[in-house]
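Chemist: So here's target_9.txt, just compact mmCIF, C-alpha atoms:
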# COMPACT_ATOMS: atom_id res chain seq x y z
CA MET A 1 -52.80 175.29 -64.38
CA PRO A 2 -55.96 177.41 -64.17
CA GLU A 3 -58.00 176.92 -61.01
CA ILE A 4 -61.70 176.13 -61.14
CA LEU A 5 -63.30 177.34 -57.93
CA ASP A 6 -66.93 177.79 -59.04
CA GLY A 7 -68.17 174.87 -56.92
CA ALA A 8 -69.54 173.00 -59.90
CA ILE A 9 -69.64 169.21 -59.59
CA ARG A 10 -68.66 167.66 -62.90
CA ARG A 11 -68.05 164.01 -61.99
CA ALA A 12 -69.48 161.30 -59.77
CA VAL A 13 -68.26 158.05 -58.28
CA VAL A 14 -70.58 155.12 -57.58
CA ILE A 15 -69.51 152.63 -54.95
CA GLY A 16 -71.41 149.37 -55.25
CA ASN A 17 -71.35 145.94 -53.68
CA GLY A 18 -71.84 143.80 -56.78
CA PHE A 19 -75.58 143.37 -56.29
CA ALA A 20 -77.97 144.81 -58.86
CA GLY A 21 -80.56 145.90 -56.29
CA ALA A 22 -78.08 148.23 -54.57
CA GLU A 23 -76.10 149.42 -57.58
CA ASN A 24 -79.18 150.22 -59.67
CA GLN A 25 -80.26 152.68 -56.98
CA CYS A 26 -76.93 154.52 -57.19
CA ILE A 27 -76.95 154.61 -60.98
CA GLY A 28 -80.57 155.73 -61.01
CA LEU A 29 -79.70 158.68 -58.77
CA VAL A 30 -76.62 159.78 -60.73
CA ARG A 31 -78.67 159.53 -63.95
CA ALA A 32 -81.34 161.76 -62.44
CA LEU A 33 -78.60 164.24 -61.48
CA GLY A 34 -77.27 164.34 -65.04
CA PHE A 35 -74.21 162.14 -64.61
CA SER A 36 -75.27 159.25 -66.83
CA LYS A 37 -72.05 159.62 -68.87
CA ARG A 38 -69.89 161.22 -66.19
CA HIS A 39 -69.65 158.61 -63.45
CA THR A 40 -67.26 155.80 -62.61
CA ILE A 41 -68.24 152.60 -60.81
CA TYR A 42 -66.11 151.07 -58.07
CA ARG A 43 -66.95 148.03 -55.98
CA VAL A 44 -66.40 146.76 -52.48
CA THR A 45 -65.97 143.03 -53.06
CA ARG A 46 -66.47 140.37 -50.44
CA PRO A 47 -65.06 136.81 -50.73
CA ARG A 48 -67.72 134.37 -51.89
CA GLY A 49 -68.13 130.64 -52.21
CA GLY A 50 -67.29 127.78 -49.88
CA ILE A 51 -67.02 128.69 -46.21
CA ASN A 52 -67.44 132.40 -47.03
CA ARG A 53 -71.20 132.07 -47.08
CA TRP A 54 -71.05 131.69 -43.30
CA LEU A 55 -68.91 134.81 -42.88
CA GLN A 56 -71.14 137.42 -44.53
CA TRP A 57 -71.96 138.97 -41.15
CA LEU A 58 -68.35 140.09 -40.64
CA PRO A 59 -67.10 143.54 -41.69
CA VAL A 60 -65.60 143.30 -45.18
CA SER A 61 -62.03 144.09 -44.09
CA LEU A 62 -62.08 141.44 -41.35
CA HIS A 63 -63.76 138.94 -43.67
CA LYS A 64 -60.99 139.36 -46.26
CA LYS A 65 -58.25 138.89 -43.66
CA LEU A 66 -59.89 135.79 -42.22
CA GLU A 67 -60.47 134.32 -45.68
CA SER A 68 -56.80 134.86 -46.51
CA VAL A 69 -55.75 132.98 -43.38
CA ILE A 70 -58.16 130.13 -44.16
CA ARG A 71 -56.79 129.81 -47.69
CA MET A 72 -53.21 129.71 -46.38
CA ILE A 73 -54.09 126.94 -43.93
CA CYS A 74 -56.44 124.84 -46.05
CA GLY A 75 -55.16 125.50 -49.55
CA LYS A 76 -56.28 127.86 -52.31
CA SER A 77 -57.93 125.25 -54.50
CA ARG A 78 -60.29 124.08 -51.78
CA PHE A 79 -61.44 127.57 -50.92
CA ARG A 80 -61.27 129.20 -54.34
CA THR A 81 -63.88 131.96 -54.50
CA PRO A 82 -65.83 133.12 -57.55
CA HIS A 83 -65.84 136.68 -58.82
CA THR A 84 -68.38 139.08 -57.45
CA ILE A 85 -71.53 139.37 -59.54
CA GLY A 86 -71.12 141.86 -62.35
CA LEU A 87 -68.44 143.16 -64.66
CA SER A 88 -64.99 141.80 -63.95
CA ASN A 89 -63.31 145.04 -65.03
CA VAL A 90 -64.93 147.17 -62.31
CA LEU A 91 -62.24 148.60 -60.05
CA GLU A 92 -61.99 147.76 -56.35
CA ALA A 93 -63.00 150.71 -54.18
CA ASP A 94 -60.00 152.06 -52.26
CA ALA A 95 -60.90 154.85 -49.84
CA TYR A 96 -57.39 156.31 -49.65
CA GLN A 97 -56.92 156.42 -53.44
CA LEU A 98 -60.35 157.95 -54.09
CA ALA A 99 -59.90 160.56 -51.35
CA THR A 100 -56.46 161.44 -52.72
CA MET A 101 -57.89 161.80 -56.21
CA ALA A 102 -60.67 164.06 -54.90
CA ARG A 103 -58.17 166.34 -53.12
CA GLU A 104 -55.60 166.52 -55.93
CA THR A 105 -58.14 167.21 -58.70
CA PHE A 106 -60.38 169.54 -56.70
CA HIS A 107 -59.08 172.80 -58.20
CA LYS A 108 -59.22 171.40 -61.72
CA ASP A 109 -62.40 169.33 -61.71
CA GLY A 110 -64.31 170.64 -58.70
CA PRO A 111 -65.89 168.62 -55.87
CA LEU A 112 -66.44 164.88 -56.18
CA LEU A 113 -69.91 163.43 -55.74
CA VAL A 114 -69.78 159.96 -54.15
CA VAL A 115 -72.91 157.79 -54.15
CA ALA A 116 -72.86 154.45 -52.34
CA SER A 117 -75.40 151.79 -51.45
CA GLY A 118 -75.34 148.61 -49.42
CA ARG A 119 -73.96 147.60 -46.03
CA ASP A 120 -70.55 146.59 -47.36
CA THR A 121 -69.94 150.05 -48.85
CA ILE A 122 -70.51 152.03 -45.64
CA SER A 123 -66.97 151.81 -44.27
CA VAL A 124 -65.26 152.72 -47.56
CA ALA A 125 -67.67 155.55 -48.38
CA SER A 126 -67.45 157.14 -44.94
CA SER A 127 -63.64 156.83 -45.01
CA ILE A 128 -63.50 158.79 -48.27
CA LYS A 129 -65.52 161.55 -46.64
CA ARG A 130 -63.31 161.51 -43.53
CA LEU A 131 -60.11 161.73 -45.60
CA ALA A 132 -61.36 164.48 -47.95
CA PRO A 133 -64.17 166.31 -46.11
CA GLU A 134 -63.76 169.59 -48.05
CA ASN A 135 -63.63 167.94 -51.46
CA VAL A 136 -66.35 165.28 -51.35
CA PHE A 137 -70.14 165.23 -51.09
CA LEU A 138 -71.24 161.79 -49.88
CA VAL A 139 -74.69 160.29 -50.44
CA GLN A 140 -75.43 156.92 -48.83
CA ILE A 141 -78.47 155.06 -50.14
CA GLN A 142 -80.15 152.64 -47.71
CA HIS A 143 -79.97 153.28 -43.99
CA PRO A 144 -76.42 152.82 -42.62
CA ARG A 145 -77.78 152.11 -39.11
CA PHE A 146 -75.08 154.02 -37.23
CA HIS A 147 -73.19 157.33 -37.35
CA LEU A 148 -75.41 159.12 -39.86
CA ASN A 149 -73.36 162.29 -39.25
CA ARG A 150 -70.59 160.73 -41.36
CA PHE A 151 -72.68 161.28 -44.49
CA ASP A 152 -73.76 164.49 -46.17
CA LEU A 153 -77.06 162.87 -47.13
CA VAL A 154 -78.74 159.54 -46.43
CA ILE A 155 -81.54 158.42 -48.76
CA THR A 156 -83.63 155.58 -47.40
CA PRO A 157 -87.20 154.24 -47.60
CA ARG A 158 -89.60 155.41 -44.93
CA HIS A 159 -90.19 151.83 -43.81
CA ASP A 160 -86.59 151.66 -42.54
CA TYR A 161 -87.88 153.74 -39.61
CA TYR A 162 -90.69 151.30 -38.89
CA PRO A 163 -88.85 149.97 -35.76
CA LEU A 164 -89.50 153.35 -34.09
CA THR A 165 -93.28 153.11 -34.45
CA PRO A 166 -95.42 152.07 -31.45
CA HIS A 167 -96.65 149.03 -33.39
CA ALA A 168 -93.10 147.82 -33.97
CA GLN A 169 -92.00 148.57 -30.41
CA ARG A 170 -94.74 146.30 -29.10
CA GLN A 171 -93.28 143.45 -31.18
CA ILE A 172 -89.78 143.80 -29.73
CA PRO A 173 -88.98 142.33 -26.32
CA TRP A 174 -87.88 145.14 -24.00
CA PHE A 175 -84.40 143.68 -23.51
CA LEU A 176 -83.76 143.73 -27.30
CA ARG A 177 -84.98 147.24 -28.07
CA ARG A 178 -81.58 148.87 -27.55
CA TRP A 179 -80.13 146.62 -30.29
CA VAL A 180 -82.74 147.35 -32.95
CA THR A 181 -81.85 150.24 -35.25
CA PRO A 182 -82.48 153.00 -36.09
CA TRP A 183 -82.54 154.52 -32.61
CA GLU A 184 -83.51 158.06 -33.54
CA PRO A 185 -86.02 159.71 -35.91
CA PRO A 186 -84.63 160.92 -39.25
CA GLY A 187 -82.39 163.97 -38.95
CA ARG A 188 -81.92 166.90 -41.32
CA ASN A 189 -79.55 164.93 -43.55
CA VAL A 190 -82.03 162.07 -44.12
CA VAL A 191 -84.26 161.94 -47.22
CA LEU A 192 -87.19 159.53 -46.96
CA THR A 193 -88.69 157.75 -49.96
CA VAL A 194 -91.64 155.41 -50.39
CA GLY A 195 -89.68 152.72 -52.22
CA ALA A 196 -86.30 152.08 -53.80
CA LEU A 197 -84.53 154.35 -56.26
CA HIS A 198 -84.10 152.94 -59.77
CA GLN A 199 -83.14 153.63 -63.39
CA ALA A 200 -86.61 153.34 -64.94
CA ASP A 201 -87.04 157.02 -65.76
CA SER A 202 -88.92 158.38 -68.79
CA VAL A 203 -85.81 158.45 -70.98
CA ALA A 204 -84.89 154.86 -70.14
CA LEU A 205 -88.44 153.68 -70.82
CA ARG A 206 -88.53 155.43 -74.20
CA VAL A 207 -85.27 153.73 -75.15
CA ALA A 208 -86.61 150.37 -73.95
CA ALA A 209 -89.89 150.86 -75.83
CA SER A 210 -87.91 151.35 -79.04
CA ALA A 211 -85.53 148.45 -78.38
CA TRP A 212 -88.36 145.99 -77.61
CA HIS A 213 -90.86 147.33 -80.16
CA ASN A 214 -90.63 144.41 -82.59
CA GLU A 215 -91.10 141.79 -79.88
CA LEU A 216 -93.68 143.41 -77.61
CA ALA A 217 -95.64 146.01 -79.59
CA THR A 218 -97.51 143.40 -81.64
CA LEU A 219 -98.69 141.33 -78.67
CA PRO A 220 -102.48 141.36 -78.13
CA LYS A 221 -103.62 143.91 -75.57
CA PRO A 222 -103.91 144.27 -72.68
CA LEU A 223 -100.47 142.91 -71.88
CA LEU A 224 -100.14 141.65 -68.30
CA VAL A 225 -96.57 141.25 -67.06
CA VAL A 226 -95.99 138.87 -64.15
CA ASN A 227 -92.72 139.32 -62.24
CA VAL A 228 -91.85 136.53 -59.81
CA GLY A 229 -89.06 137.03 -57.29
CA GLY A 230 -88.21 134.66 -54.46
CA PRO A 231 -89.04 134.18 -50.79
CA THR A 232 -87.07 136.16 -48.21
CA GLY A 233 -86.85 136.13 -44.44
CA ASN A 234 -89.42 138.92 -44.12
CA CYS A 235 -91.56 137.85 -47.10
CA PRO A 236 -91.65 134.06 -46.87
CA TYR A 237 -93.73 132.03 -49.28
CA GLY A 238 -93.62 128.70 -51.05
CA VAL A 239 -95.52 126.50 -53.43
CA ASP A 240 -98.86 127.17 -51.71
CA LEU A 241 -98.79 130.85 -52.69
CA VAL A 242 -97.63 130.03 -56.21
CA LYS A 243 -100.50 127.58 -56.64
CA LYS A 244 -102.87 130.37 -55.59
CA LEU A 245 -101.16 132.65 -58.12
CA VAL A 246 -101.76 130.05 -60.83
CA VAL A 247 -105.48 129.96 -60.01
CA MET A 248 -105.76 133.76 -59.94
CA LEU A 249 -103.95 134.12 -63.29
CA GLN A 250 -106.24 131.51 -64.82
CA ASN A 251 -109.21 133.49 -63.52
CA VAL A 252 -108.07 136.77 -65.11
CA LEU A 253 -106.70 135.21 -68.29
CA TRP A 254 -109.97 135.82 -70.15
CA SER A 255 -109.51 139.59 -69.77
CA CYS A 256 -105.90 139.61 -71.01
CA GLY A 257 -104.74 139.84 -74.57
CA SER A 258 -101.42 138.29 -73.55
CA ILE A 259 -99.33 137.50 -70.48
CA ARG A 260 -95.55 137.60 -70.10
CA ILE A 261 -94.00 135.83 -67.08
CA SER A 262 -90.42 136.36 -65.95
CA PHE A 263 -88.40 135.12 -62.99
CA SER A 264 -85.53 136.64 -61.03
CA ARG A 265 -82.21 135.12 -60.01
CA ARG A 266 -83.77 134.44 -56.60
CA THR A 267 -86.70 132.40 -57.90
CA PRO A 268 -86.44 128.81 -56.61
CA ASP A 269 -86.82 126.06 -59.21
CA LYS A 270 -89.77 124.57 -57.33
CA ILE A 271 -91.66 127.85 -57.84
CA SER A 272 -90.76 128.51 -61.47
CA THR A 273 -91.47 124.87 -62.38
CA ILE A 274 -95.10 125.17 -61.25
CA LEU A 275 -95.76 128.24 -63.39
CA VAL A 276 -93.94 126.79 -66.42
CA LYS A 277 -95.89 123.54 -66.14
CA GLU A 278 -99.25 125.33 -65.94
CA PHE A 279 -98.76 127.98 -68.65
CA SER A 280 -96.02 126.90 -71.07
CA THR A 281 -98.55 125.48 -73.55
CA ASN A 282 -101.07 128.32 -73.28
CA PRO A 283 -101.01 130.38 -76.50
CA LYS A 284 -101.73 133.59 -74.59
CA VAL A 285 -98.75 133.18 -72.26
CA GLN A 286 -95.04 133.70 -72.91
CA ILE A 287 -92.40 132.79 -70.32
CA TRP A 288 -88.91 134.26 -70.35
CA ASP A 289 -86.50 131.39 -69.68
CA GLY A 290 -83.54 133.55 -68.68
CA GLU A 291 -81.84 133.19 -72.06
CA GLY A 292 -80.96 136.22 -74.17
CA PRO A 293 -81.46 139.88 -73.25
CA ASN A 294 -83.43 140.57 -70.08
CA PRO A 295 -86.83 141.99 -71.12
CA HIS A 296 -87.46 143.74 -67.79
CA MET A 297 -87.17 147.32 -69.09
CA GLY A 298 -89.17 146.40 -72.16
CA HIS A 299 -91.88 144.99 -69.94
CA LEU A 300 -91.99 148.21 -67.92
CA ALA A 301 -92.39 150.18 -71.15
CA TRP A 302 -94.97 148.01 -72.91
CA ALA A 303 -97.04 146.39 -70.15
CA ASP A 304 -100.60 147.52 -69.49
CA ALA A 305 -100.62 146.07 -65.97
CA PHE A 306 -98.31 144.18 -63.59
CA VAL A 307 -98.55 141.31 -61.15
CA ILE A 308 -95.55 141.22 -58.81
CA THR A 309 -94.64 139.07 -55.83
CA ALA A 310 -94.35 141.08 -52.61
CA ASP A 311 -90.73 140.21 -51.84
CA SER A 312 -89.11 142.65 -54.30
CA VAL A 313 -89.06 146.29 -53.20
CA SER A 314 -87.12 147.17 -56.36
CA MET A 315 -89.54 145.60 -58.86
CA LEU A 316 -92.54 147.09 -57.09
CA SER A 317 -90.92 150.54 -56.95
CA GLU A 318 -90.17 150.46 -60.68
CA ALA A 319 -93.66 149.29 -61.65
CA CYS A 320 -95.34 151.85 -59.37
CA SER A 321 -93.42 154.63 -61.11
CA THR A 322 -95.17 153.89 -64.44
CA GLY A 323 -98.69 154.92 -63.36
CA LYS A 324 -100.03 151.57 -64.62
CA PRO A 325 -102.05 149.12 -62.50
CA VAL A 326 -99.87 147.08 -60.13
CA TYR A 327 -101.23 143.99 -58.38
CA VAL A 328 -99.27 142.40 -55.53
CA VAL A 329 -99.17 138.73 -54.58
CA GLY A 330 -98.21 137.63 -51.07
CA ALA A 331 -98.31 141.00 -49.30
CA GLU A 332 -100.20 139.45 -46.40
CA LEU A 333 -97.20 137.16 -45.73
CA CYS A 334 -94.70 139.99 -45.29
CA THR A 335 -93.57 140.89 -41.79
CA TRP A 336 -91.80 143.70 -39.94
CA LYS A 337 -90.82 146.71 -42.06
CA PHE A 338 -91.69 144.96 -45.33
CA ALA A 339 -95.31 144.71 -44.20
CA ASP A 340 -95.10 148.43 -43.53
CA PHE A 341 -93.84 148.96 -47.10
CA GLN A 342 -96.80 147.01 -48.51
CA ASN A 343 -99.21 149.06 -46.40
CA SER A 344 -97.57 152.24 -47.67
CA LEU A 345 -98.11 151.22 -51.30
CA GLN A 346 -101.77 150.55 -50.56
CA LYS A 347 -102.21 153.89 -48.76
CA HIS A 348 -100.63 155.76 -51.69
CA GLY A 349 -103.04 153.98 -54.04
CA VAL A 350 -100.23 152.72 -56.28
CA ALA A 351 -100.78 148.98 -55.73
CA ARG A 352 -103.59 146.57 -54.96
CA SER A 353 -103.68 142.94 -53.86
CA LEU A 354 -104.46 140.46 -56.63
CA THR A 355 -107.71 138.62 -55.96
CA GLY A 356 -108.32 136.79 -59.25
CA LYS A 357 -111.56 138.71 -59.79
CA GLU A 358 -109.96 141.56 -61.74
CA ASN A 359 -110.76 142.59 -65.29
CA ILE A 360 -107.32 143.50 -66.60
CA SER A 361 -108.86 145.40 -69.53
CA GLU A 362 -110.33 147.87 -67.03
CA SER A 363 -107.37 150.06 -66.19
CA TRP A 364 -106.91 152.37 -63.21
CA SER A 365 -104.34 155.06 -62.58
CA TYR A 366 -102.63 156.97 -59.78
CA PRO A 367 -99.94 159.61 -59.34
CA PRO A 368 -96.80 157.56 -60.06
CA LEU A 369 -94.09 157.20 -57.46
CA ASN A 370 -91.32 159.64 -58.28
CA ASP A 371 -88.78 158.80 -55.58
CA THR A 372 -85.67 159.03 -57.74
CA ALA A 373 -86.44 162.48 -59.14
CA GLU A 374 -87.54 163.77 -55.74
CA ALA A 375 -84.37 162.43 -54.10
CA SER A 376 -82.21 164.08 -56.78
CA SER A 377 -83.91 167.41 -56.01
CA GLN A 378 -82.98 166.98 -52.35
CA VAL A 379 -79.37 166.27 -53.32
CA ILE A 380 -79.26 169.46 -55.41
CA ALA A 381 -80.70 171.46 -52.50
CA ALA A 382 -78.16 170.01 -50.06
CA LEU A 383 -75.33 170.81 -52.48
CA ALA A 384 -76.56 174.39 -52.74
CA GLN A 385 -76.18 174.75 -48.98
CA ARG A 386 -72.49 173.95 -49.46
CA GLY A 387 -72.27 176.46 -52.28
CA TRP A 388 -71.93 173.69 -54.86
CA THR A 389 -73.95 173.15 -58.03
CA ILE A 390 -74.42 170.63 -60.81
CA PRO A 391 -74.08 172.37 -64.20
CA ALA A 392 -76.71 171.57 -66.81
Let's see the structure in the file written out as structure tokens.
Modeler:
Amino acid sequence: MPEILDGAIRRAVVIGNGFAGAENQCIGLVRALGFSKRHTIYRVTRPRGGINRWLQWLPVSLHKKLESVIRMICGKSRFRTPHTIGLSNVLEADAYQLATMARETFHKDGPLLVVASGRDTISVASSIKRLAPENVFLVQIQHPRFHLNRFDLVITPRHDYYPLTPHAQRQIPWFLRRWVTPWEPPGRNVVLTVGALHQADSVALRVAASAWHNELATLPKPLLVVNVGGPTGNCPYGVDLVKKLVVMLQNVLWSCGSIRISFSRRTPDKISTILVKEFSTNPKVQIWDGEGPNPHMGHLAWADAFVITADSVSMLSEACSTGKPVYVVGAELCTWKFADFQNSLQKHGVARSLTGKENISESWSYPPLNDTAEASSQVIAALAQRGWTIPA
């Protein structure tokens, strides 16, 4: 068998956790690196349903063992767990098998690029690197908190280092500071971004524009897209904010040709119900009810402006990469590092707070966020230091 020792990386492995927010970042990066058709997805699955919702803080391996014991004691039917979100045919990530594959195919297929994201993937991803250090290049997206030297590259938003700032330190009681991570400034193997990585690159948007042409191209302009997420621990909000959103949308409605409203899986019924009740009969407004294909990429391609709730780093990062006006709702309610993220968007000039006094027909622009492409350039540079390349 001929040996291939040119250091060219020809394949990639994505290790996900079953959640779109994490996996989309991995896929966005491998797409930017040219592996859109040369990557395989594996998942680290965690038991879900029933008592498992109280065990999410445990390491995955310990959680699985404990869940197995509980099922043996209490019966399988009572503690039956649903499948992880996503495709059921995605393989379970096995560190030993993937490391073995990387070693045995190294001379034929070259080094293996591994891209992982999410807390549950850290142990498996770092184990692959430990078992095949000369055959694997490991990129971990989102800050792993500990042992960053186990990864070739860590890609994480700048606001993950907010706890090290003087402002954050003043908010932490002195006896808790040693437990709040990260403990050190970013090292040489850390790449900082403004927001989250994603798949909404120029190619994907052109494809989406074509796919959604018949439904969205004929809508009266300007088209305002409203993306509503859901409250989180660090971005809490309820019906009061949504009622304010209703008033602000009514105030800008005169300047819109049309409005499209969509909700995420995290949107509580009490929030979506208010918006549906107020706008479902308005001829200018269309509301996606969750049925049929998700129009999100089509909205990114065809919208003239966006209104987005402050809780979703992913949705804001995607919208701010289009160069179109982005208005944020609820940024003032965010705390800790998520408040720092909102401040960063404002400082970069890529987002503004919605006031209800805007004229949506008056557009404004900015240099779009380009985190995914910039991160891919850093990966290529780090590979070059190892003597490895990604062939065109």
Chemist: Near A:Thr309, counting all atoms listed in the file, which residues have an atom at most 10 Å away, once you skip same-chain residues fewer than 5 positions from it, shown as a count of residues only?
Modeler: 19
Chemist: Please list as a list in words every residue within 9 Å of A:Pro325, counting all atoms listed in the file and excluding residues in the same chain fewer than 2 positions away.
Modeler: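 Once the adjacent positions are removed, what remains is Asp304, Ala305, Phe306, Val307, Ala319, Cys320, Thr322, Gly323, Tyr327, Val350, Ala351, Arg352, Ile360, Ser363, Trp364, Ser365 and Tyr366 of chain A.
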Chemist: Excluding stretch 384-392 of chain A and any residue of its chain fewer than 6 positions from it, enumerate the residues within 6 Å of it, using all atoms listed in the file, and give them as a VMD selection string.
Modeler: chain A and resid 7 to 9
Chemist: Interatomic distance between atom CA of A:Ala373 and atom CA of A:Val13?
Modeler: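 Between atom CA of A:Ala373 and atom CA of A:Val13 the gap is 18.7 Å.
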Chemist: Between A:Leu153, A:Leu275, A:Leu224, A:Leu164, which one has atoms that come closest to A:Leu383, using only C-alpha atoms?
Modeler: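 Among A:Leu153, A:Leu275, A:Leu224, A:Leu164, it is A:Leu153 that comes nearest to A:Leu383.
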Chemist: Between A:Ala303, A:His296, A:Ser272, A:Asp120, which one has atoms that come closest to A:Ile259, using all atoms listed in the file?
Modeler: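 Among the listed residues, A:Ala303 lies closest to A:Ile259.
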Chemist: Counting only C-alpha atoms, figure out which residue out of A:Pro293, A:Gly28, A:Pro133, A:Gly21 gets nearest to A:Glu215.
Modeler: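 Looking only at the distances to A:Glu215, the closest residue turns out to be A:Pro293.
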Chemist: Have a look at A:Trp212, A:Val190, A:Leu98, A:Arg170 and name the one nearest to A:Val379; count only C-alpha atoms.
Modeler: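 That would be A:Val190, the residue with the smallest distance to A:Val379.
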Chemist: So, with all atoms listed in the file as the atoms that count, which of A:Gly356, A:Pro368, A:Pro236, A:Pro222 lies closest to A:Gly195?
Modeler: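 Between A:Gly356, A:Pro368, A:Pro236, A:Pro222, the residue approaching A:Gly195 most closely is A:Pro368.
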Chemist: Work out how far apart atom CA of A:Phe35 and atom CA of A:Leu300 are and give it in Å to one decimal.
Modeler: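 Going from atom CA of A:Phe35 over to atom CA of A:Leu300 covers 22.8 Å.
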Chemist: Which one is closest to A:Leu192: A:Pro295, A:Gly34, A:Gly110, A:Pro157? Count all atoms listed in the file.
Modeler: A:Pro157
Chemist: Could you state the separation of atom CA of A:His39 and atom CA of A:Asn370 in Å, given to one decimal place?
Modeler: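 Going from atom CA of A:His39 over to atom CA of A:Asn370 covers 22.3 Å.
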Chemist: List the neighbours of A:Leu29 out to 8 Å using only C-alpha atoms; skip same-chain residues closer than 6 positions along the sequence, and give me the result as a PDB file with C-alpha atoms, keeping the file's coordinate frame.
Modeler:
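Once written, part.pdb looks like this:
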ATOM      1  CA  LEU A 197     -84.530 154.350 -56.260  1.00  0.00           C
ATOM      2  CA  HIS A 198     -84.100 152.940 -59.770  1.00  0.00           C
ATOM      3  CA  GLN A 199     -83.140 153.630 -63.390  1.00  0.00           C
ATOM      4  CA  THR A 372     -85.670 159.030 -57.740  1.00  0.00           C
ATOM      5  CA  ALA A 373     -86.440 162.480 -59.140  1.00  0.00           C
ATOM      6  CA  ALA A 375     -84.370 162.430 -54.100  1.00  0.00           C
ATOM      7  CA  SER A 376     -82.210 164.080 -56.780  1.00  0.00           C
TER       8      SER A 376
END
Chemist: For A:Gln171, find every residue with an atom within 12 Å (counting all atoms listed in the file), except residues of its own chain fewer than 5 positions away, and show them as number ranges by chain.
Modeler: A: 162-166, 176-177, 180, 335-337
